[in-house]
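K.L.:
To be precise about what I am sending: the file is called query-v2.cif and holds mmCIF, N, CA and C atoms.
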```cif
data_my_file
loop_
_atom_site.label_atom_id
_atom_site.label_comp_id
_atom_site.auth_asym_id
_atom_site.auth_seq_id
_atom_site.Cartn_x
_atom_site.Cartn_y
_atom_site.Cartn_z
N MET A 1 -23.12 -42.61 -26.75
CA MET A 1 -23.74 -42.49 -25.44
C MET A 1 -23.39 -41.12 -24.86
N THR A 2 -24.38 -40.41 -24.33
CA THR A 2 -24.14 -39.09 -23.77
C THR A 2 -23.88 -39.19 -22.27
N SER A 3 -23.10 -38.25 -21.78
CA SER A 3 -22.77 -38.25 -20.36
C SER A 3 -23.90 -37.61 -19.56
N ALA A 4 -23.85 -37.76 -18.26
CA ALA A 4 -24.85 -37.17 -17.39
C ALA A 4 -24.79 -35.65 -17.47
N LEU A 5 -23.60 -35.09 -17.61
CA LEU A 5 -23.44 -33.64 -17.72
C LEU A 5 -24.10 -33.12 -19.00
N GLU A 6 -23.90 -33.83 -20.12
CA GLU A 6 -24.53 -33.42 -21.37
C GLU A 6 -26.05 -33.48 -21.26
N ASN A 7 -26.57 -34.50 -20.61
CA ASN A 7 -28.02 -34.61 -20.41
C ASN A 7 -28.54 -33.44 -19.58
N TYR A 8 -27.81 -33.09 -18.53
CA TYR A 8 -28.20 -31.98 -17.66
C TYR A 8 -28.21 -30.67 -18.43
N ILE A 9 -27.15 -30.41 -19.20
CA ILE A 9 -27.06 -29.18 -19.98
C ILE A 9 -28.18 -29.13 -21.01
N ASN A 10 -28.46 -30.24 -21.66
CA ASN A 10 -29.54 -30.28 -22.65
C ASN A 10 -30.89 -29.96 -22.02
N ARG A 11 -31.16 -30.46 -20.82
CA ARG A 11 -32.42 -30.16 -20.14
C ARG A 11 -32.53 -28.68 -19.81
N ILE A 12 -31.42 -28.08 -19.33
CA ILE A 12 -31.42 -26.65 -19.01
C ILE A 12 -31.66 -25.83 -20.26
N LEU A 13 -30.98 -26.19 -21.34
CA LEU A 13 -31.13 -25.43 -22.58
C LEU A 13 -32.53 -25.55 -23.15
N LYS A 14 -33.17 -26.71 -23.01
CA LYS A 14 -34.54 -26.87 -23.48
C LYS A 14 -35.49 -26.00 -22.66
N LEU A 15 -35.29 -25.93 -21.35
CA LEU A 15 -36.12 -25.07 -20.51
C LEU A 15 -35.94 -23.61 -20.89
N ALA A 16 -34.69 -23.21 -21.11
CA ALA A 16 -34.43 -21.81 -21.47
C ALA A 16 -35.03 -21.49 -22.83
N ALA A 17 -34.95 -22.43 -23.77
CA ALA A 17 -35.51 -22.21 -25.10
C ALA A 17 -37.03 -22.07 -25.04
N ALA A 18 -37.65 -22.73 -24.08
CA ALA A 18 -39.09 -22.66 -23.93
C ALA A 18 -39.53 -21.41 -23.15
N GLY A 19 -38.56 -20.58 -22.77
CA GLY A 19 -38.88 -19.35 -22.04
C GLY A 19 -39.00 -19.54 -20.55
N LEU A 20 -38.59 -20.68 -20.06
CA LEU A 20 -38.67 -20.94 -18.63
C LEU A 20 -37.30 -20.68 -18.01
N SER A 21 -37.14 -19.49 -17.46
CA SER A 21 -35.87 -19.20 -16.82
C SER A 21 -35.94 -19.67 -15.38
N GLY A 22 -34.82 -20.12 -14.87
CA GLY A 22 -34.78 -20.61 -13.50
C GLY A 22 -33.41 -20.41 -12.92
N THR A 23 -33.28 -20.66 -11.66
CA THR A 23 -32.00 -20.52 -10.98
C THR A 23 -31.11 -21.71 -11.31
N VAL A 24 -29.88 -21.40 -11.70
CA VAL A 24 -28.91 -22.44 -12.01
C VAL A 24 -27.62 -22.16 -11.25
N ALA A 25 -26.87 -23.22 -11.00
CA ALA A 25 -25.53 -23.11 -10.41
C ALA A 25 -24.54 -23.60 -11.45
N VAL A 26 -23.54 -22.79 -11.74
CA VAL A 26 -22.53 -23.12 -12.74
C VAL A 26 -21.18 -23.21 -12.05
N ILE A 27 -20.48 -24.30 -12.28
CA ILE A 27 -19.11 -24.43 -11.77
C ILE A 27 -18.19 -24.29 -12.96
N THR A 28 -17.34 -23.27 -12.93
CA THR A 28 -16.46 -22.97 -14.05
C THR A 28 -15.24 -23.89 -14.03
N SER A 29 -14.48 -23.86 -15.11
CA SER A 29 -13.31 -24.74 -15.22
C SER A 29 -12.24 -24.41 -14.18
N ASP A 30 -12.26 -23.18 -13.65
CA ASP A 30 -11.29 -22.83 -12.60
C ASP A 30 -11.86 -23.05 -11.20
N GLY A 31 -13.04 -23.68 -11.10
CA GLY A 31 -13.59 -24.10 -9.82
C GLY A 31 -14.51 -23.10 -9.13
N ARG A 32 -14.80 -21.97 -9.76
CA ARG A 32 -15.71 -21.01 -9.14
C ARG A 32 -17.15 -21.48 -9.29
N MET A 33 -17.98 -21.17 -8.28
CA MET A 33 -19.40 -21.50 -8.34
C MET A 33 -20.18 -20.21 -8.46
N ILE A 34 -20.94 -20.09 -9.55
CA ILE A 34 -21.74 -18.91 -9.81
C ILE A 34 -23.20 -19.34 -9.89
N VAL A 35 -24.04 -18.67 -9.11
CA VAL A 35 -25.46 -18.99 -9.03
C VAL A 35 -26.24 -17.78 -9.51
N GLY A 36 -27.22 -18.02 -10.38
CA GLY A 36 -28.05 -16.92 -10.87
C GLY A 36 -29.22 -17.42 -11.67
N THR A 37 -30.01 -16.49 -12.15
CA THR A 37 -31.19 -16.80 -12.96
C THR A 37 -30.78 -16.85 -14.42
N LEU A 38 -30.99 -17.98 -15.06
CA LEU A 38 -30.63 -18.15 -16.46
C LEU A 38 -31.55 -17.30 -17.32
N LYS A 39 -30.96 -16.35 -18.06
CA LYS A 39 -31.74 -15.46 -18.92
C LYS A 39 -31.55 -15.76 -20.39
N GLY A 40 -30.44 -16.40 -20.76
CA GLY A 40 -30.23 -16.69 -22.17
C GLY A 40 -28.96 -17.49 -22.38
N PHE A 41 -28.79 -17.94 -23.62
CA PHE A 41 -27.63 -18.73 -24.00
C PHE A 41 -27.50 -18.67 -25.51
N ASP A 42 -26.38 -19.14 -26.04
CA ASP A 42 -26.22 -19.23 -27.49
C ASP A 42 -25.66 -20.60 -27.85
N GLN A 43 -25.33 -20.79 -29.14
CA GLN A 43 -24.92 -22.10 -29.62
C GLN A 43 -23.59 -22.59 -29.03
N THR A 44 -22.77 -21.67 -28.51
CA THR A 44 -21.51 -22.10 -27.88
C THR A 44 -21.64 -22.20 -26.37
N ILE A 45 -22.88 -22.19 -25.89
CA ILE A 45 -23.24 -22.30 -24.48
C ILE A 45 -22.64 -21.18 -23.64
N ASN A 46 -22.55 -19.97 -24.22
CA ASN A 46 -22.34 -18.78 -23.39
C ASN A 46 -23.63 -18.59 -22.62
N LEU A 47 -23.54 -18.35 -21.33
CA LEU A 47 -24.73 -18.22 -20.49
C LEU A 47 -24.86 -16.80 -19.99
N ILE A 48 -26.07 -16.27 -19.98
CA ILE A 48 -26.34 -14.97 -19.38
C ILE A 48 -27.12 -15.23 -18.10
N LEU A 49 -26.53 -14.80 -16.98
CA LEU A 49 -27.15 -14.99 -15.67
C LEU A 49 -27.49 -13.64 -15.08
N ASP A 50 -28.70 -13.51 -14.56
CA ASP A 50 -29.12 -12.28 -13.91
C ASP A 50 -29.20 -12.52 -12.41
N GLU A 51 -29.08 -11.44 -11.63
CA GLU A 51 -29.13 -11.53 -10.17
C GLU A 51 -28.17 -12.61 -9.67
N SER A 52 -26.98 -12.63 -10.22
CA SER A 52 -26.05 -13.71 -9.91
C SER A 52 -25.11 -13.34 -8.76
N HIS A 53 -24.57 -14.36 -8.16
CA HIS A 53 -23.55 -14.19 -7.12
C HIS A 53 -22.60 -15.37 -7.17
N GLU A 54 -21.39 -15.13 -6.70
CA GLU A 54 -20.39 -16.19 -6.62
C GLU A 54 -20.33 -16.68 -5.18
N ARG A 55 -20.33 -17.97 -5.01
CA ARG A 55 -20.18 -18.55 -3.68
C ARG A 55 -18.72 -18.93 -3.48
N VAL A 56 -18.12 -18.33 -2.47
CA VAL A 56 -16.71 -18.58 -2.16
C VAL A 56 -16.67 -19.39 -0.87
N PHE A 57 -16.12 -20.59 -0.95
CA PHE A 57 -16.08 -21.50 0.18
C PHE A 57 -14.74 -21.39 0.89
N SER A 58 -14.78 -21.31 2.23
CA SER A 58 -13.57 -21.22 3.03
C SER A 58 -13.74 -22.07 4.28
N SER A 59 -12.71 -22.81 4.64
CA SER A 59 -12.80 -23.65 5.83
C SER A 59 -12.81 -22.82 7.11
N SER A 60 -12.24 -21.62 7.07
CA SER A 60 -12.19 -20.79 8.27
C SER A 60 -13.36 -19.81 8.37
N GLN A 61 -13.90 -19.35 7.22
CA GLN A 61 -14.95 -18.33 7.25
C GLN A 61 -16.29 -18.83 6.73
N GLY A 62 -16.38 -20.08 6.34
CA GLY A 62 -17.64 -20.61 5.82
C GLY A 62 -17.86 -20.19 4.38
N VAL A 63 -19.11 -19.91 4.03
CA VAL A 63 -19.46 -19.56 2.65
C VAL A 63 -19.71 -18.05 2.57
N GLU A 64 -19.01 -17.39 1.65
CA GLU A 64 -19.21 -15.97 1.40
C GLU A 64 -19.88 -15.83 0.04
N GLN A 65 -20.82 -14.90 -0.08
CA GLN A 65 -21.48 -14.66 -1.36
C GLN A 65 -21.08 -13.28 -1.88
N VAL A 66 -20.48 -13.28 -3.07
CA VAL A 66 -20.05 -12.05 -3.72
C VAL A 66 -21.07 -11.72 -4.80
N VAL A 67 -21.74 -10.58 -4.68
CA VAL A 67 -22.78 -10.19 -5.64
C VAL A 67 -22.14 -9.79 -6.96
N LEU A 68 -22.64 -10.36 -8.06
CA LEU A 68 -22.13 -10.08 -9.39
C LEU A 68 -23.14 -9.34 -10.26
N GLY A 69 -24.41 -9.53 -10.00
CA GLY A 69 -25.45 -8.90 -10.82
C GLY A 69 -25.63 -9.63 -12.14
N LEU A 70 -25.75 -8.86 -13.24
CA LEU A 70 -25.85 -9.45 -14.58
C LEU A 70 -24.48 -9.95 -14.97
N TYR A 71 -24.36 -11.22 -15.36
CA TYR A 71 -23.05 -11.85 -15.55
C TYR A 71 -23.11 -12.78 -16.76
N ILE A 72 -22.03 -12.80 -17.53
CA ILE A 72 -21.92 -13.69 -18.68
C ILE A 72 -20.83 -14.72 -18.40
N VAL A 73 -21.19 -16.00 -18.55
CA VAL A 73 -20.22 -17.09 -18.42
C VAL A 73 -19.93 -17.61 -19.82
N ARG A 74 -18.68 -17.50 -20.23
CA ARG A 74 -18.32 -17.95 -21.58
C ARG A 74 -18.45 -19.45 -21.71
N GLY A 75 -18.85 -19.90 -22.87
CA GLY A 75 -19.07 -21.32 -23.12
C GLY A 75 -17.84 -22.18 -23.06
N ASP A 76 -16.65 -21.58 -23.20
CA ASP A 76 -15.42 -22.37 -23.14
C ASP A 76 -14.96 -22.56 -21.71
N ASN A 77 -15.77 -22.15 -20.77
CA ASN A 77 -15.40 -22.24 -19.37
C ASN A 77 -15.86 -23.56 -18.87
#
```
Before anything else, please render the file you have as structure tokens.

P.N.:
Amino acid sequence: MTSALENYINRILKLAAAGLSGTVAVITSDGRMIVGTLKGFDQTINLILDESHERVFSSSQGVEQVVLGLYIVRGDN
């Protein structure tokens, strides 16, 4: 039985394989949230995100967006 996360990742990868890039939000293992346009991936689920930014959440300052540009998220994250 596959988990909901695996189903979600499989749907994203199928869209990317079909050439349909779209905006995705990735939460890394250290809790960072990176949002960008999915441009590519490989068999170890390294992701290439374009026009990306990191959303930094703070209880005192709200949400800050740090521009990253072209960004690679390693698959082991």

K.L.:
What's the separation between atom N of A:Asn10 and atom C of A:Gly31, in Å to one decimal place?

P.N.:
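Pair atom N of A:Asn10 / atom C of A:Gly31 returns 20.1 Å.
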
K.L.:
Starting from 8 Å padding per side, set up an axis-aligned box that covers all listed atoms of stretch 59-75 of chain A and hand over centre and edge lengths in Å, one decimal, as AutoDock Vina command-line options.

P.N.:
```
--center_x -19.0 --center_y -16.3 --center_z -7.4 --size_x 29.7 --size_y 30.8 --size_z 47.5
```

K.L.:
Got a sec to resolve the PyMOL selection byres ((chain A and resi 41-57) around 6.5) on this structure and send the residues as a ChimeraX atom specification?

P.N.:
/A:32-40,58-59,62-76

K.L.:
Please, could you write that set of residues out with N, CA and C atoms as a PDB file, in the frame of the given file?

P.N.:
```
ATOM      1  N   ARG A  32     -14.800 -21.970  -9.760  1.00  0.00           N
ATOM      2  CA  ARG A  32     -15.710 -21.010  -9.140  1.00  0.00           C
ATOM      3  C   ARG A  32     -17.150 -21.480  -9.290  1.00  0.00           C
ATOM      4  N   MET A  33     -17.980 -21.170  -8.280  1.00  0.00           N
ATOM      5  CA  MET A  33     -19.400 -21.500  -8.340  1.00  0.00           C
ATOM      6  C   MET A  33     -20.180 -20.210  -8.460  1.00  0.00           C
ATOM      7  N   ILE A  34     -20.940 -20.090  -9.550  1.00  0.00           N
ATOM      8  CA  ILE A  34     -21.740 -18.910  -9.810  1.00  0.00           C
ATOM      9  C   ILE A  34     -23.200 -19.340  -9.890  1.00  0.00           C
ATOM     10  N   VAL A  35     -24.040 -18.670  -9.110  1.00  0.00           N
ATOM     11  CA  VAL A  35     -25.460 -18.990  -9.030  1.00  0.00           C
ATOM     12  C   VAL A  35     -26.240 -17.780  -9.510  1.00  0.00           C
ATOM     13  N   GLY A  36     -27.220 -18.020 -10.380  1.00  0.00           N
ATOM     14  CA  GLY A  36     -28.050 -16.920 -10.870  1.00  0.00           C
ATOM     15  C   GLY A  36     -29.220 -17.420 -11.670  1.00  0.00           C
ATOM     16  N   THR A  37     -30.010 -16.490 -12.150  1.00  0.00           N
ATOM     17  CA  THR A  37     -31.190 -16.800 -12.960  1.00  0.00           C
ATOM     18  C   THR A  37     -30.780 -16.850 -14.420  1.00  0.00           C
ATOM     19  N   LEU A  38     -30.990 -17.980 -15.060  1.00  0.00           N
ATOM     20  CA  LEU A  38     -30.630 -18.150 -16.460  1.00  0.00           C
ATOM     21  C   LEU A  38     -31.550 -17.300 -17.320  1.00  0.00           C
ATOM     22  N   LYS A  39     -30.960 -16.350 -18.060  1.00  0.00           N
ATOM     23  CA  LYS A  39     -31.740 -15.460 -18.920  1.00  0.00           C
ATOM     24  C   LYS A  39     -31.550 -15.760 -20.390  1.00  0.00           C
ATOM     25  N   GLY A  40     -30.440 -16.400 -20.760  1.00  0.00           N
ATOM     26  CA  GLY A  40     -30.230 -16.690 -22.170  1.00  0.00           C
ATOM     27  C   GLY A  40     -28.960 -17.490 -22.380  1.00  0.00           C
ATOM     28  N   SER A  58     -14.780 -21.310   2.230  1.00  0.00           N
ATOM     29  CA  SER A  58     -13.570 -21.220   3.030  1.00  0.00           C
ATOM     30  C   SER A  58     -13.740 -22.070   4.280  1.00  0.00           C
ATOM     31  N   SER A  59     -12.710 -22.810   4.640  1.00  0.00           N
ATOM     32  CA  SER A  59     -12.800 -23.650   5.830  1.00  0.00           C
ATOM     33  C   SER A  59     -12.810 -22.820   7.110  1.00  0.00           C
ATOM     34  N   GLY A  62     -16.380 -20.080   6.340  1.00  0.00           N
ATOM     35  CA  GLY A  62     -17.640 -20.610   5.820  1.00  0.00           C
ATOM     36  C   GLY A  62     -17.860 -20.190   4.380  1.00  0.00           C
ATOM     37  N   VAL A  63     -19.110 -19.910   4.030  1.00  0.00           N
ATOM     38  CA  VAL A  63     -19.460 -19.560   2.650  1.00  0.00           C
ATOM     39  C   VAL A  63     -19.710 -18.050   2.570  1.00  0.00           C
ATOM     40  N   GLU A  64     -19.010 -17.390   1.650  1.00  0.00           N
ATOM     41  CA  GLU A  64     -19.210 -15.970   1.400  1.00  0.00           C
ATOM     42  C   GLU A  64     -19.880 -15.830   0.040  1.00  0.00           C
ATOM     43  N   GLN A  65     -20.820 -14.900  -0.080  1.00  0.00           N
ATOM     44  CA  GLN A  65     -21.480 -14.660  -1.360  1.00  0.00           C
ATOM     45  C   GLN A  65     -21.080 -13.280  -1.880  1.00  0.00           C
ATOM     46  N   VAL A  66     -20.480 -13.280  -3.070  1.00  0.00           N
ATOM     47  CA  VAL A  66     -20.050 -12.050  -3.720  1.00  0.00           C
ATOM     48  C   VAL A  66     -21.070 -11.720  -4.800  1.00  0.00           C
ATOM     49  N   VAL A  67     -21.740 -10.580  -4.680  1.00  0.00           N
ATOM     50  CA  VAL A  67     -22.780 -10.190  -5.640  1.00  0.00           C
ATOM     51  C   VAL A  67     -22.140  -9.790  -6.960  1.00  0.00           C
ATOM     52  N   LEU A  68     -22.640 -10.360  -8.060  1.00  0.00           N
ATOM     53  CA  LEU A  68     -22.130 -10.080  -9.390  1.00  0.00           C
ATOM     54  C   LEU A  68     -23.140  -9.340 -10.260  1.00  0.00           C
ATOM     55  N   GLY A  69     -24.410  -9.530 -10.000  1.00  0.00           N
ATOM     56  CA  GLY A  69     -25.450  -8.900 -10.820  1.00  0.00           C
ATOM     57  C   GLY A  69     -25.630  -9.630 -12.140  1.00  0.00           C
ATOM     58  N   LEU A  70     -25.750  -8.860 -13.240  1.00  0.00           N
ATOM     59  CA  LEU A  70     -25.850  -9.450 -14.580  1.00  0.00           C
ATOM     60  C   LEU A  70     -24.480  -9.950 -14.970  1.00  0.00           C
ATOM     61  N   TYR A  71     -24.360 -11.220 -15.360  1.00  0.00           N
ATOM     62  CA  TYR A  71     -23.050 -11.850 -15.550  1.00  0.00           C
ATOM     63  C   TYR A  71     -23.110 -12.780 -16.760  1.00  0.00           C
ATOM     64  N   ILE A  72     -22.030 -12.800 -17.530  1.00  0.00           N
ATOM     65  CA  ILE A  72     -21.920 -13.690 -18.680  1.00  0.00           C
ATOM     66  C   ILE A  72     -20.830 -14.720 -18.400  1.00  0.00           C
ATOM     67  N   VAL A  73     -21.190 -16.000 -18.550  1.00  0.00           N
ATOM     68  CA  VAL A  73     -20.220 -17.090 -18.420  1.00  0.00           C
ATOM     69  C   VAL A  73     -19.930 -17.610 -19.820  1.00  0.00           C
ATOM     70  N   ARG A  74     -18.680 -17.500 -20.230  1.00  0.00           N
ATOM     71  CA  ARG A  74     -18.320 -17.950 -21.580  1.00  0.00           C
ATOM     72  C   ARG A  74     -18.450 -19.450 -21.710  1.00  0.00           C
ATOM     73  N   GLY A  75     -18.850 -19.900 -22.870  1.00  0.00           N
ATOM     74  CA  GLY A  75     -19.070 -21.320 -23.120  1.00  0.00           C
ATOM     75  C   GLY A  75     -17.840 -22.180 -23.060  1.00  0.00           C
ATOM     76  N   ASP A  76     -16.650 -21.580 -23.200  1.00  0.00           N
ATOM     77  CA  ASP A  76     -15.420 -22.370 -23.140  1.00  0.00           C
ATOM     78  C   ASP A  76     -14.960 -22.560 -21.710  1.00  0.00           C
TER      79      ASP A  76
END
```

K.L.:
Apply DSSP to the structure's backbone, then extract all residues of chain A labelled helix (DSSP H, G or I) and return them as a ChimeraX atom specification.

P.N.:
/A:4-17

K.L.:
Let's have the selection written as a PDB file, keeping the file's coordinate frame, with N, CA and C atoms.

P.N.:
```pdb
ATOM      1  N   ALA A   4     -23.850 -37.760 -18.260  1.00  0.00           N
ATOM      2  CA  ALA A   4     -24.850 -37.170 -17.390  1.00  0.00           C
ATOM      3  C   ALA A   4     -24.790 -35.650 -17.470  1.00  0.00           C
ATOM      4  N   LEU A   5     -23.600 -35.090 -17.610  1.00  0.00           N
ATOM      5  CA  LEU A   5     -23.440 -33.640 -17.720  1.00  0.00           C
ATOM      6  C   LEU A   5     -24.100 -33.120 -19.000  1.00  0.00           C
ATOM      7  N   GLU A   6     -23.900 -33.830 -20.120  1.00  0.00           N
ATOM      8  CA  GLU A   6     -24.530 -33.420 -21.370  1.00  0.00           C
ATOM      9  C   GLU A   6     -26.050 -33.480 -21.260  1.00  0.00           C
ATOM     10  N   ASN A   7     -26.570 -34.500 -20.610  1.00  0.00           N
ATOM     11  CA  ASN A   7     -28.020 -34.610 -20.410  1.00  0.00           C
ATOM     12  C   ASN A   7     -28.540 -33.440 -19.580  1.00  0.00           C
ATOM     13  N   TYR A   8     -27.810 -33.090 -18.530  1.00  0.00           N
ATOM     14  CA  TYR A   8     -28.200 -31.980 -17.660  1.00  0.00           C
ATOM     15  C   TYR A   8     -28.210 -30.670 -18.430  1.00  0.00           C
ATOM     16  N   ILE A   9     -27.150 -30.410 -19.200  1.00  0.00           N
ATOM     17  CA  ILE A   9     -27.060 -29.180 -19.980  1.00  0.00           C
ATOM     18  C   ILE A   9     -28.180 -29.130 -21.010  1.00  0.00           C
ATOM     19  N   ASN A  10     -28.460 -30.240 -21.660  1.00  0.00           N
ATOM     20  CA  ASN A  10     -29.540 -30.280 -22.650  1.00  0.00           C
ATOM     21  C   ASN A  10     -30.890 -29.960 -22.020  1.00  0.00           C
ATOM     22  N   ARG A  11     -31.160 -30.460 -20.820  1.00  0.00           N
ATOM     23  CA  ARG A  11     -32.420 -30.160 -20.140  1.00  0.00           C
ATOM     24  C   ARG A  11     -32.530 -28.680 -19.810  1.00  0.00           C
ATOM     25  N   ILE A  12     -31.420 -28.080 -19.330  1.00  0.00           N
ATOM     26  CA  ILE A  12     -31.420 -26.650 -19.010  1.00  0.00           C
ATOM     27  C   ILE A  12     -31.660 -25.830 -20.260  1.00  0.00           C
ATOM     28  N   LEU A  13     -30.980 -26.190 -21.340  1.00  0.00           N
ATOM     29  CA  LEU A  13     -31.130 -25.430 -22.580  1.00  0.00           C
ATOM     30  C   LEU A  13     -32.530 -25.550 -23.150  1.00  0.00           C
ATOM     31  N   LYS A  14     -33.170 -26.710 -23.010  1.00  0.00           N
ATOM     32  CA  LYS A  14     -34.540 -26.870 -23.480  1.00  0.00           C
ATOM     33  C   LYS A  14     -35.490 -26.000 -22.660  1.00  0.00           C
ATOM     34  N   LEU A  15     -35.290 -25.930 -21.350  1.00  0.00           N
ATOM     35  CA  LEU A  15     -36.120 -25.070 -20.510  1.00  0.00           C
ATOM     36  C   LEU A  15     -35.940 -23.610 -20.890  1.00  0.00           C
ATOM     37  N   ALA A  16     -34.690 -23.210 -21.110  1.00  0.00           N
ATOM     38  CA  ALA A  16     -34.430 -21.810 -21.470  1.00  0.00           C
ATOM     39  C   ALA A  16     -35.030 -21.490 -22.830  1.00  0.00           C
ATOM     40  N   ALA A  17     -34.950 -22.430 -23.770  1.00  0.00           N
ATOM     41  CA  ALA A  17     -35.510 -22.210 -25.100  1.00  0.00           C
ATOM     42  C   ALA A  17     -37.030 -22.070 -25.040  1.00  0.00           C
TER      43      ALA A  17
END
```

K.L.:
Separation of atom N of A:Val24 and atom C of A:Ile9, in Å?

P.N.:
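Separating atom N of A:Val24 from atom C of A:Ile9 is a distance of 12.2 Å.
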
K.L.:
Just how far from atom C of A:Asn7 is atom N of A:Thr23, in Å to one decimal?

P.N.:
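So the answer is 15.8 Å.
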
K.L.:
Output as a tab-separated table (two decimals) with N, CA and C atoms, in the coordinates of the input all residues of chain A that backbone DSSP marks as strand (DSSP E).

P.N.:
```tsv
chain	number	residue	atom	x	y	z
A	23	THR	N	-33.28	-20.66	-11.66
A	23	THR	CA	-32.00	-20.52	-10.98
A	23	THR	C	-31.11	-21.71	-11.31
A	24	VAL	N	-29.88	-21.40	-11.70
A	24	VAL	CA	-28.91	-22.44	-12.01
A	24	VAL	C	-27.62	-22.16	-11.25
A	25	ALA	N	-26.87	-23.22	-11.00
A	25	ALA	CA	-25.53	-23.11	-10.41
A	25	ALA	C	-24.54	-23.60	-11.45
A	26	VAL	N	-23.54	-22.79	-11.74
A	26	VAL	CA	-22.53	-23.12	-12.74
A	26	VAL	C	-21.18	-23.21	-12.05
A	27	ILE	N	-20.48	-24.30	-12.28
A	27	ILE	CA	-19.11	-24.43	-11.77
A	27	ILE	C	-18.19	-24.29	-12.96
A	33	MET	N	-17.98	-21.17	-8.28
A	33	MET	CA	-19.40	-21.50	-8.34
A	33	MET	C	-20.18	-20.21	-8.46
A	34	ILE	N	-20.94	-20.09	-9.55
A	34	ILE	CA	-21.74	-18.91	-9.81
A	34	ILE	C	-23.20	-19.34	-9.89
A	35	VAL	N	-24.04	-18.67	-9.11
A	35	VAL	CA	-25.46	-18.99	-9.03
A	35	VAL	C	-26.24	-17.78	-9.51
A	36	GLY	N	-27.22	-18.02	-10.38
A	36	GLY	CA	-28.05	-16.92	-10.87
A	36	GLY	C	-29.22	-17.42	-11.67
A	37	THR	N	-30.01	-16.49	-12.15
A	37	THR	CA	-31.19	-16.80	-12.96
A	37	THR	C	-30.78	-16.85	-14.42
A	38	LEU	N	-30.99	-17.98	-15.06
A	38	LEU	CA	-30.63	-18.15	-16.46
A	38	LEU	C	-31.55	-17.30	-17.32
A	39	LYS	N	-30.96	-16.35	-18.06
A	39	LYS	CA	-31.74	-15.46	-18.92
A	39	LYS	C	-31.55	-15.76	-20.39
A	40	GLY	N	-30.44	-16.40	-20.76
A	40	GLY	CA	-30.23	-16.69	-22.17
A	40	GLY	C	-28.96	-17.49	-22.38
A	41	PHE	N	-28.79	-17.94	-23.62
A	41	PHE	CA	-27.63	-18.73	-24.00
A	41	PHE	C	-27.50	-18.67	-25.51
A	47	LEU	N	-23.54	-18.35	-21.33
A	47	LEU	CA	-24.73	-18.22	-20.49
A	47	LEU	C	-24.86	-16.80	-19.99
A	48	ILE	N	-26.07	-16.27	-19.98
A	48	ILE	CA	-26.34	-14.97	-19.38
A	48	ILE	C	-27.12	-15.23	-18.10
A	49	LEU	N	-26.53	-14.80	-16.98
A	49	LEU	CA	-27.15	-14.99	-15.67
A	49	LEU	C	-27.49	-13.64	-15.08
A	50	ASP	N	-28.70	-13.51	-14.56
A	50	ASP	CA	-29.12	-12.28	-13.91
A	50	ASP	C	-29.20	-12.52	-12.41
A	51	GLU	N	-29.08	-11.44	-11.63
A	51	GLU	CA	-29.13	-11.53	-10.17
A	51	GLU	C	-28.17	-12.61	-9.67
A	52	SER	N	-26.98	-12.63	-10.22
A	52	SER	CA	-26.05	-13.71	-9.91
A	52	SER	C	-25.11	-13.34	-8.76
A	53	HIS	N	-24.57	-14.36	-8.16
A	53	HIS	CA	-23.55	-14.19	-7.12
A	53	HIS	C	-22.60	-15.37	-7.17
A	54	GLU	N	-21.39	-15.13	-6.70
A	54	GLU	CA	-20.39	-16.19	-6.62
A	54	GLU	C	-20.33	-16.68	-5.18
A	55	ARG	N	-20.33	-17.97	-5.01
A	55	ARG	CA	-20.18	-18.55	-3.68
A	55	ARG	C	-18.72	-18.93	-3.48
A	56	VAL	N	-18.12	-18.33	-2.47
A	56	VAL	CA	-16.71	-18.58	-2.16
A	56	VAL	C	-16.67	-19.39	-0.87
A	57	PHE	N	-16.12	-20.59	-0.95
A	57	PHE	CA	-16.08	-21.50	0.18
A	57	PHE	C	-14.74	-21.39	0.89
A	58	SER	N	-14.78	-21.31	2.23
A	58	SER	CA	-13.57	-21.22	3.03
A	58	SER	C	-13.74	-22.07	4.28
A	62	GLY	N	-16.38	-20.08	6.34
A	62	GLY	CA	-17.64	-20.61	5.82
A	62	GLY	C	-17.86	-20.19	4.38
A	63	VAL	N	-19.11	-19.91	4.03
A	63	VAL	CA	-19.46	-19.56	2.65
A	63	VAL	C	-19.71	-18.05	2.57
A	64	GLU	N	-19.01	-17.39	1.65
A	64	GLU	CA	-19.21	-15.97	1.40
A	64	GLU	C	-19.88	-15.83	0.04
A	65	GLN	N	-20.82	-14.90	-0.08
A	65	GLN	CA	-21.48	-14.66	-1.36
A	65	GLN	C	-21.08	-13.28	-1.88
A	66	VAL	N	-20.48	-13.28	-3.07
A	66	VAL	CA	-20.05	-12.05	-3.72
A	66	VAL	C	-21.07	-11.72	-4.80
A	67	VAL	N	-21.74	-10.58	-4.68
A	67	VAL	CA	-22.78	-10.19	-5.64
A	67	VAL	C	-22.14	-9.79	-6.96
A	68	LEU	N	-22.64	-10.36	-8.06
A	68	LEU	CA	-22.13	-10.08	-9.39
A	68	LEU	C	-23.14	-9.34	-10.26
A	69	GLY	N	-24.41	-9.53	-10.00
A	69	GLY	CA	-25.45	-8.90	-10.82
A	69	GLY	C	-25.63	-9.63	-12.14
A	70	LEU	N	-25.75	-8.86	-13.24
A	70	LEU	CA	-25.85	-9.45	-14.58
A	70	LEU	C	-24.48	-9.95	-14.97
A	71	TYR	N	-24.36	-11.22	-15.36
A	71	TYR	CA	-23.05	-11.85	-15.55
A	71	TYR	C	-23.11	-12.78	-16.76
A	72	ILE	N	-22.03	-12.80	-17.53
A	72	ILE	CA	-21.92	-13.69	-18.68
A	72	ILE	C	-20.83	-14.72	-18.40
A	73	VAL	N	-21.19	-16.00	-18.55
A	73	VAL	CA	-20.22	-17.09	-18.42
A	73	VAL	C	-19.93	-17.61	-19.82
```
